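Trainee: Structure below; questions to follow.
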Amino acid sequence: MRERERERERERERESLSRLARRHAARFADWCKTFIRVSLNWNALRRLHDVRPNSVLVVEPSTGHGEVIPAYVRYFLDLGYNVDVLTTPSVLTLDPLCRFEGDALRVRCFSLPWRALRYFLSRTLPRKLASAYEKIFFTSFIPYWPTRDGTEPPGRPHLLASVFDHCPAMRKLVDRVAVVEHHFELVDRELLAMDKVITLAELGKRPSIRVNPHFFGTARARAERADNFVNFITVGNIESERRNYDLLISCVAGLHQIAPGRFKITVVGRGELEKIPEELQLYFDVKGREKRVGFSVLYDEMEASDFFLTLLDPSNVEHDRYLVSGTSGNFQLIYGFAKPCLIPRKFAAKHGFTNANSLIYEDNSNLTETMFVAMRMSAEEYLTMRNALKKTADEIEAESRKVFRRIVGERRDPSPC
């Protein structure tokens with residue numbers, strides 16, 4: 001009996017040591033991966049140490065939100081700064097600045113894998129480059145990284161730890177930091193009190209903190225809209241939990257009966273046509289079925305389109321976030337390319353869409369009819385609607401620039417860059 005108890009005790013000790021060894025091995029492997037990636041990106045790090053005068057650092061730490069980068073870079077350039085853009089490889093390879101022309105010598109782009117980026121923000125930037133950049137601007141303040149020890153910071157769900165949670169040393173540079181907060185319910189209260197927080201949607205706060213970035217670079221001329229054919233576009237994966245694609249397929253089936261061959265649906269995102277009835281598949285042009293497409297493809301398709309399908313669902317409570325603090329990159333594309341959208345009335349006014357600049361419908365049952373209205377619109381009516389939308393976008397941009405200037409401030413050194 002005693003021998004069996006001693007054996008069980010030894011087994012427990014072995015299991016405990018094994019767990020400890022696995023934990024240390026995992027940490028060591030994580031450190032090795034970080035070291036290797038930092039070494040592989042040594043040239044990027046070395047160039048980042050060579051900071052030019054009057055420079056700001058624009059950081060996108062996540063693997064998304066690249067669409068906001070061009071406008072914020074443009075705003076900083078117009079304020080007289082040089083700009084260094086630091087993001088992850090998955091964002092930089094999509095090339096969000098592909099339409100960005102002019103001022104090339106004043107913009108430098110770098111990428112680091114997220115572990116190396118975390119190391120740079122935790123160690124290199126606070127310790128060695130603390131005074132090099134006049135401003136440090138995060139286009140996402142929540143990078144969606146796993147925490148080092150797997151725990152969740154107080155009050156923050158899984159993967160919603162902020163840059164300050166991951167890189168506490170960055171808080172020492174809080175006077176130079178400004179951030180775009182995509183999850184306002186998790187906003188950093190200190191930064192908010194210091195007027196260092198920007199949102200993409202209007203929250204009704206005074207003074208306003210909305211800066212909606214919808215500049216994407218040089219626009220390219222497109223052919224006139226075809227008289228008897230309409231190109232509807234939607235951006236996002238074909239997934240019912242993300243967009244109301246079941247409704248879209250139903251609408252395409254209805255239009256197929258009343259206007260066969262007179263329209264198409266361009267989908268910029270991943271998706272499988274096999275889920276769509278065979279007789280309707282010819283109406284769908286899916287860009288990026290197998291992999292994420294670059295911004296050049298997205299911008300080209302936006303320019304070639306006629307109307308934007310938001311596919312927001314007024315009956316889906318998860319979409320109600322767009323009535324409070326949430327917004328969508330789709331709205332930025334609509335403003336930036338002046339493409340009239342089809343949107344439920346429930347969400348329209350909040351984001352500046354009216355009967356003059358958009359096609360507004362009451363609920364899901366009216367979407368097919370509204371798409372048919374778009375197809376019957378004359379060239380003159382369409383141009384009038386686009387001009388009204390461009391006016392709305394220009395007004396939003398003018399107000400956004402004022403807010404941006406207030407939050408990030410003017411250059412301290414007025415000398416030329």
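So you can find residues: chains in the structure tokens are A, B, ... in the order shown, residues in each start at 1, and ligands are numbered from 1 in order.
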Applying 7 Å and only C-alpha atoms, which residues near Pro314 of chain A remain after dropping the ones on its own chain fewer than 2 positions away? List them as an NGL selection string.
Mentor: :A and (312 or 316 or 344 or 346 or 363)
Trainee: Using only N, CA and C atoms, please write the residues we just selected to a file, as a short mmCIF file (atom, residue, chain, number, x, y, z; two decimals), in the first residue's frame.
Mentor:
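Below you can see again.cif, which holds the result:
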data_model
loop_
_atom_site.label_atom_id
_atom_site.label_comp_id
_atom_site.auth_asym_id
_atom_site.auth_seq_id
_atom_site.Cartn_x
_atom_site.Cartn_y
_atom_site.Cartn_z
N LEU A 312 -26.74 45.40 -44.74
CA LEU A 312 -27.06 45.48 -43.31
C LEU A 312 -28.48 44.97 -43.09
N ASN A 316 -31.34 42.18 -37.46
CA ASN A 316 -30.23 41.51 -36.79
C ASN A 316 -29.69 42.41 -35.68
N PRO A 344 -30.65 50.09 -45.47
CA PRO A 344 -31.90 50.20 -44.73
C PRO A 344 -32.03 51.56 -44.04
N LYS A 346 -33.04 52.34 -41.23
CA LYS A 346 -32.63 52.28 -39.83
C LYS A 346 -31.19 52.76 -39.64
N ASP A 363 -37.01 47.71 -45.12
CA ASP A 363 -36.58 46.46 -44.51
C ASP A 363 -36.16 45.47 -45.59
#
Trainee: Give me the residues near Arg292 of chain A as a PyMOL selection string, where near means some atom within 9 Å (using only C-alpha atoms) and where sequence neighbours in that chain fewer than 5 positions away do not count.
Mentor: chain A and resi 94+268-270+287
Trainee: For Glu318 of chain A, which residue among A:His182, A:Asn244, A:Tyr119, A:Thr199 is the nearest when counting only C-alpha atoms?
Mentor: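 When distances to Glu318 of chain A are compared using only C-alpha atoms, the smallest one comes from A:Asn244.
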Trainee: Per DSSP on the backbone, what are the strand (DSSP E or B) residues of segment 237-358 of chain A, as a list in words?
Mentor: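 So the strand (DSSP E or B) residues in segment 237-358 of chain A would be Phe263, Lys264, Ile265, Thr266, Val267, Val268, Phe284, Asp285, Val286, Lys287, Phe307, Phe308, Leu309, Cys341, Leu342, Ile343 and Pro344 of chain A.
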Trainee: Do you know which residues are at most 7 Å from segment 192-195 of chain A counting only C-alpha atoms, after dropping those on the same chain fewer than 3 positions away, and could you put them as a PyMOL selection string?
Mentor: chain A and resi 188-189+407
Trainee: Filtering to C-alpha atoms, could you give me those residues as a PDB file, in the first residue's frame?
Mentor:
ATOM      1  CA  ASP A 188      -8.592  53.942 -22.708  1.00  0.00           C
ATOM      2  CA  ARG A 189     -10.001  56.529 -20.288  1.00  0.00           C
ATOM      3  CA  ILE A 407      -6.107  65.968 -31.653  1.00  0.00           C
TER       4      ILE A 407
END
Trainee: Write out as a ChimeraX atom specification all residues of segment 139-356 of chain A that DSSP puts in helix (DSSP H, G or I) for this structure's backbone.
Mentor: /A:163-166,168-176,184-186,189-193,245-258,273-275,278-283,295-304,317-323,329-337,345-351
Trainee: Of the candidates A:Leu389, A:Val403, A:Ile360, A:Cys167, which one gets nearest to Pro207 of chain A if we count only C-alpha atoms?
Mentor: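 Closest candidate: A:Val403.
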Trainee: Quick one: of A:Arg47, A:Arg210, A:His166, A:Arg74, who's nearest to Ser111 of chain A, counting only C-alpha atoms?
Mentor: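 Of A:Arg47, A:Arg210, A:His166, A:Arg74, the one nearest Ser111 of chain A, counting only C-alpha atoms, is A:Arg47.
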Trainee: Which residues are near Arg171 of chain A? Cut-off 12 Å, only C-alpha atoms, ignore same chain within fewer than 3 positions. Put them as a list of chain:residue names.
Mentor: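 With the cut-off at 12 Å, the set is A:Leu121, A:Ser122, A:Leu125, A:Pro126, A:Ala130, A:Ile136, A:Ser162, A:Val163, A:Phe164, A:Asp165, A:His166, A:Cys167, A:Pro168, A:Val174, A:Asp175, A:Arg176, A:Val177, A:Ala178, A:Asp188, A:Glu190, A:Leu191.
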Trainee: Given only C-alpha atoms as the basis, pick out the residue of A:Val293, A:Val230, A:Leu282, A:Ile249 nearest to Phe372 of chain A.
Mentor: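 Going through A:Val293, A:Val230, A:Leu282, A:Ile249 one by one, the smallest distance to Phe372 of chain A is for A:Val230.
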Trainee: Between atom CA of Phe295 of chain A and atom CA of Asp95 of chain A, what is the distance, to one decimal in Å?
Mentor: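 So the answer is 6.0 Å.
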Trainee: Near Val373 of chain A, within 12 Å and counting only C-alpha atoms, which residues show up once chain neighbours fewer than 5 positions away are dropped, as a ChimeraX atom specification?
Mentor: /A:230,255,259,307,342,358-361,366-368,378,381-382
